[in-house]
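Structure first, then comments.
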There are 2 protein chains.
Amino acid sequence: MKLVTVGGSDAGISAALRALELDPTVEVTVIAEDAYPNFSICGIPYYLSGEVHAWTDLAHRSRDDLEALGIKLRLDTRVTGIDTQRHRVRCEASGAVDEVAWDRLVIATGAVPIAPPIAGLDVARGGDRVFFVHTIADARAIMARLEATSVRQALVIGAGYIGLELADGLTTRGVNVQQIEAQPQILATVDAPLATLLANELVANGVELSTNTLATSISVDDRSIRVTTVDARTGQVRVLTAEIAIVVTGVRPSTELAVAAGARLGTSGAIWVDRRMQTGVSDLFAAGDCVITHHQMLGESYLPLGTTAHKQGRIAGAQAVGHTGEEFMGVVGTQVVKVFGQVIARTGLTEAEAERVGFTPLTVLASTDDHKRYYPGAETLSITITGDRLTHRLLGVAMLGPISGAVHKRIDVAALALHGAMTIDELLALDLAYTPPLGTPWDALQVTASQWLSALGDGSHRLASPSPDRIMP
Amino acid sequence: MKLVTVGGSDAGISAALRALELDPTVEVTVIAEDAYPNFSICGIPYYLSGEVHAWTDLAHRSRDDLEALGIKLRLDTRVTGIDTQRHRVRCEASGAVDEVAWDRLVIATGAVPIAPPIAGLDVARGGDRVFFVHTIADARAIMARLEATSVRQALVIGAGYIGLELADGLTTRGVNVQQIEAQPQILATVDAPLATLLANELVANGVELSTNTLATSISVDDRSIRVTTVDARTGQVRVLTAEIAIVVTGVRPSTELAVAAGARLGTSGAIWVDRRMQTGVSDLFAAGDCVITHHQMLGESYLPLGTTAHKQGRIAGAQAVGHTGEEFMGVVGTQVVKVFGQVIARTGLTEAEAERVGFTPLTVLASTDDHKRYYPGAETLSITITGDRLTHRLLGVAMLGPISGAVHKRIDVAALALHGAMTIDELLALDLAYTPPLGTPWDALQVTASQWLSALGDGSHRLASPSPDRIMP
């Protein structure tokens with residue numbers, strides 16, 4: 001049996017490995033457009049920062065590792081078409097064209113950066129000063145630029161997860177960073193109060209941050225980049241200059257091959273798949289950043305993330321070798337990012353999302369200690385809980401705190417509560433770990449839950465910030 | 001309405017505060033045997049270590065705070081009897097006797113240290129060199145001894161949670177610590193492999209640890225303490241000397257008052273209560289270290305912990321003022337302790353416990369990275385998962401890792417999985433947070449779950465340590 005994956009990143013490789021694990025006799029070929037199969041794209045900001053010394057360190061596994069595991073690699077190879085009748089893909093590599101036969105095909109073509117409507121961007125991208133950042137090739141090109149001349153001033157366009165990591169990383173490298181964001185807040189995936197606290201962390205670390213700021217045009221001469229911006233509220237125009245500009249304003253799914261093969265599209269133009277990662281076209285699976293994501297609270301959505309790509313790829317690989325019992329259970333929207341010394345994370349819905357899908361949400365913001373204050377090093381966590389006023393169902397949690405505050409795993413506790421469709425009352429009953437150097441007898445999430453219940457009782461409206469808790473020390 | 005709590009620690013104060021929160025008109029009196037209401041007993045090791053500078057810092061709330069919240073305090077007052085007919089408690093304070101009237105009574109008398117069968121211990125305890133550690137008065141007496149002469153050599157008898165915290169704390173203080181444990185391993189609440197790793201941490205930090213070692217007699221002269229020990233395997237006798245000895249070999253519930261009032265006892269001789277913290281005697285509730293604990297997997301058990309005392313007290317307080325809907329949902333056995341630079345935590349059942357209650361357990365030990373190894377500072381987590389071979393139900397998780405590894409909240413994720421009665425297969429589907437500086441695309445718990453499933457497939461017996469995972473980077 002021949003399994004071919006179109007794409008050599010998280011979803012493609014996960015599918016290949018899982019198929020081989022379940023059936024060592026399957027012949028697996030991974031076809032990748034570039035020379036970097038199985039790299040951690042999420043690690044690029046830490047390479048650019050200098051914290052990861054060599055781009056080769058970003059490989060989850062080396063080519064040798066992959067081949068030793070039984071995967072045949074076809075690199076620098078573009079798939080130009082899928083023939084579903086003859087079960088072949090057409091490939092181009094270094095001008096040569098050939099075909100690869102498959103019994104099962106996993107489309108894992110990923111996503112591509114969205115080019116925002118900035119006049120001159122297409123031309124500017126052609127040079128060596130204005131970049132998107134999506135592939136290891138991008139990362140190497142950016143690094144070449146950073147190292148070629150002593151770059152002192154960078155402009156980051158966009159302040160979502162990757163934009164924030166880049167602002168952190170370039171600052172860590174010693175580059176001055178200006179960052180602009182078209183929306184009124186950075187990181188649209190969390191409610192405004194936490195986003196504001198996070199913005200303070202950027203500013204405290206020297207990032208010149210402007211929200212409500214649209215880039216309208218960009219030009220490059222031999223001395224610098226000039227970006228014209230407009231304030232979305234006032235209409236005020238400013239011109240920013242920088243030696244390097246990185247555009248990180250989101251991605252869109254790469255679907256052309258799948259569509260040509262007869263797959264249909266779903267939310268956000270991503271490839272529609274069922275929970276078995278089947279496209280509906282016989283023997284054709286798809287996984288990763290190119291497909292829709294089943295969200296346990298929102299239904300069909302599009303949320304391209306490495307964690308999800310790994311899970312979907314694993315299932316596609318299992319399904320491809322006949323393990324039909326393995327299905328994708330869906331996400332709850334868990335994300336985390338480190339920005340300088342702070343970590344921000346969310347799971348579930350924001351208040352706005354909750355309203356949009358018909359809940360009657362109340363969101364409470366609490367400030368709590370990460371551990372007993374009498375023990376040295378206690379830090380403040382800022383936590384929002386969004387719940388439904390009518391049913392008390394937990395809808396979403398977001399958290400901000402220092403790296404030592406374990407925000408990245410505290411959010412996972414909330415994620416499990418969402419997986420379990422718990423109420424906020426039930427959070428108070430959870431048997432969570434406590435020792436004074438690391439926690440509080442009522443965990444920070446429980447303190448916030450208690451404050452949510454109090455705010456509900458007080459008839460609070462919109463975002464509530466109750467007074468410090470009297471009941472839970 | 002008059003609510004009285006007998007006991008001023010976690011359970012008693014939680015009951016008082018919750019009752020007042022729900023019904024500000026209730027008259028609440030807290031009667032405490034000592035002068036230290038609402039102290040964090042769990043903090044004592046950190047006071048003895050010097051990390052917490054003043055014992056007063058261990059107060060969750062000051063007396064003034066409590067009184068400002070509407071609680072009447074009767075301190076240094078011993079309750080000598082409960083009259084359930086006349087709804088009175090008899091009190092003794094400074095030789096004076098009186099009565100306090102109640103409509104609802106919460107017994108929160110806690111636990112007392114178990115005195116192990118060591119010849120001479122009763123006499124030795126009378127002096128100022130051999131201590132139990134259970135109250136703030138104990139802590140102050142130990143501190144007086146530590147400060148009076150320059151104590152260089154301590155003996156800690158027992159290596160459970162508190163014994164380990166004391167070994168850490170006294171070493172941190174600069175005292176040499178010998179520690180003996182009668183059982184073959186320290187920390188009987190985790191399976192042996194993790195306990196062994198933790199023992200290495202003690203030894204690496206200079207603790208002279210002897211397991212399988214029983215203290216048989218103790219004597220004190222004006223120069224030192226002499227403790228005779230016997231090796232449980234070889235019968236070899238040794239005499240240890242120290243300037244201070246602390247006995248921490250567990251606690252038993254303090255139940256005399258409740259029994260005299262007609263309450264019945266349950267597991268381990270603790271006061272039996274239902275999920276509403278009712279004793280069965282009219283208007284008589286009980287909570288905290290003196291009562292049984294409903295365990296979601298073991299049923300009725302005894303597991304005295306601060307977190308549970310807070311929850312049970314809160315429910316007793318709500319019930320006492322007529323909020324009958326609030327019931328104790330039960331624990332899953334979550335515990336955590338920091339020992340020098342390592343954190344060890346567990347939730348659910350050990351393999352031995354799982355066997356005892358009729359499961360067919362398999363336990364797998366995995367070593368995983370806390371975050372992507374390419375990012376600086378990655379550390380190894382050691383994780384055991386115990387699951388039922390037949391149903392794949394998750395039965396227990398234990399973890400050991402450095403403080404930066406977030407073990408204390410990773411264990412909470414496992415606790416929620418137990419609360420949800422999840423299978424190990426389901427762990428792989430969880431939407432957990434990932435960013436390279438703080439995690440891995442498959443979370444460490446998921447990597448371990450995957451290895452459990454592999455080990456099951458391989459027909460592994462007993463504790464399995466599979467080879468490093470090929471599939472989950």
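Ordering of the structure tokens sets the chain letters (A, B, ...); residue numbers start at 1 within each chain; ligands are numbered from 1 in the order shown.
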
Practice task
Residues of chain B no more than 7 Å from chain A, counting only C-alpha atoms: send them over as number ranges by chain.
Solution key: B: 17-18, 42-43, 51-52, 57-58, 60, 306-307, 329, 331-332, 334-337, 374-376, 404, 406, 408-410, 412-413, 415-416, 420, 429, 431-436, 438, 441-442, 471, 473

Tell me, counting only C-alpha atoms, for each residue of region 193-277 of chain B within 12 Å of region 360-368 of chain B, which pair of atoms is nearest and how far apart they are in Å to one decimal, in rows ordered by chain and increasing number, as CSV.
```
residue,atom,partner,partner_atom,distance
B:Pro193,CA,B:Leu365,CA,8.0
B:Leu194,CA,B:Leu365,CA,8.6
B:Leu197,CA,B:Ser367,CA,11.8
```

Taking all heavy atoms for each residue, export the selection above as a PDB file, in the first residue's frame.
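Writing the result to selection23.pdb gives the following:
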```
ATOM      1  N   PRO B 193       9.550   4.249  41.225  1.00  0.00           N
ATOM      2  CA  PRO B 193      10.581   4.863  40.351  1.00  0.00           C
ATOM      3  C   PRO B 193      10.703   6.376  40.553  1.00  0.00           C
ATOM      4  O   PRO B 193      11.811   6.902  40.598  1.00  0.00           O
ATOM      5  CB  PRO B 193      10.082   4.528  38.937  1.00  0.00           C
ATOM      6  CG  PRO B 193       9.241   3.311  39.117  1.00  0.00           C
ATOM      7  CD  PRO B 193       8.573   3.477  40.448  1.00  0.00           C
ATOM      8  N   LEU B 194       9.574   7.055  40.686  1.00  0.00           N
ATOM      9  CA  LEU B 194       9.654   8.498  40.905  1.00  0.00           C
ATOM     10  C   LEU B 194      10.185   8.804  42.295  1.00  0.00           C
ATOM     11  O   LEU B 194      10.936   9.764  42.493  1.00  0.00           O
ATOM     12  CB  LEU B 194       8.293   9.168  40.708  1.00  0.00           C
ATOM     13  CG  LEU B 194       7.784   9.301  39.274  1.00  0.00           C
ATOM     14  CD1 LEU B 194       6.647  10.305  39.224  1.00  0.00           C
ATOM     15  CD2 LEU B 194       8.881   9.714  38.328  1.00  0.00           C
ATOM     16  N   LEU B 197      13.887   8.724  42.133  1.00  0.00           N
ATOM     17  CA  LEU B 197      14.446   9.936  41.526  1.00  0.00           C
ATOM     18  C   LEU B 197      14.439  11.088  42.523  1.00  0.00           C
ATOM     19  O   LEU B 197      15.376  11.880  42.597  1.00  0.00           O
ATOM     20  CB  LEU B 197      13.644  10.328  40.278  1.00  0.00           C
ATOM     21  CG  LEU B 197      13.776   9.402  39.063  1.00  0.00           C
ATOM     22  CD1 LEU B 197      12.813   9.827  37.953  1.00  0.00           C
ATOM     23  CD2 LEU B 197      15.209   9.411  38.545  1.00  0.00           C
TER      24      LEU B 197
END
```

Problem - Counting only C-alpha atoms, the residue of A:Ala188, A:Leu381, A:Leu73, A:Leu22 that sits nearest Thr324 (chain A) - result: A:Leu22

Practice task
Find the spatial neighbours of Val259 (chain A), counting only C-alpha atoms, within a cut-off of 10 Å - ignore same-chain residues fewer than 6 positions away - and output them as an MDAnalysis selection string.
Solution key: chainID A and resid 82 265 270:271

Any chance you can output those residues with all heavy atoms as a short mmCIF file (atom, residue, chain, number, x, y, z; two decimals), in the first residue's frame?
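Saved file again-v2.cif follows:
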```cif
data_model
loop_
_atom_site.label_atom_id
_atom_site.label_comp_id
_atom_site.auth_asym_id
_atom_site.auth_seq_id
_atom_site.Cartn_x
_atom_site.Cartn_y
_atom_site.Cartn_z
N ILE A 82 -3.33 16.55 -9.05
CA ILE A 82 -3.68 15.26 -8.45
C ILE A 82 -4.64 14.57 -9.40
O ILE A 82 -5.68 15.12 -9.75
CB ILE A 82 -4.37 15.48 -7.08
CG1 ILE A 82 -3.42 16.18 -6.11
CG2 ILE A 82 -4.88 14.15 -6.51
CD1 ILE A 82 -4.11 16.68 -4.83
N LEU A 265 -14.73 23.22 -0.26
CA LEU A 265 -14.20 24.11 0.77
C LEU A 265 -15.24 24.38 1.85
O LEU A 265 -16.44 24.31 1.62
CB LEU A 265 -13.75 25.44 0.14
CG LEU A 265 -12.64 25.31 -0.92
CD1 LEU A 265 -12.24 26.70 -1.43
CD2 LEU A 265 -11.43 24.58 -0.36
N ALA A 270 -11.18 27.07 3.79
CA ALA A 270 -10.31 25.92 4.06
C ALA A 270 -10.95 24.65 3.52
O ALA A 270 -12.17 24.58 3.34
CB ALA A 270 -10.07 25.79 5.56
N ILE A 271 -10.11 23.65 3.28
CA ILE A 271 -10.61 22.38 2.75
C ILE A 271 -11.55 21.75 3.78
O ILE A 271 -11.19 21.61 4.95
CB ILE A 271 -9.45 21.41 2.46
CG1 ILE A 271 -8.45 22.03 1.47
CG2 ILE A 271 -9.97 20.06 1.94
CD1 ILE A 271 -7.12 21.27 1.37
#
```

Exercise for the section: Going by DSSP on the backbone, which bits of region 5-250 of chain A are strand (DSSP E or B)? Write them as a VMD selection string, please. Expected result: chain A and resid 5 to 6 27 to 31 39 59 71 to 74 78 to 83 88 to 93 96 to 101 104 to 107 111 to 113 119 130 to 132 153 to 157 176 to 180 208 to 210 213 to 220 225 to 231 237 to 242 244 to 247
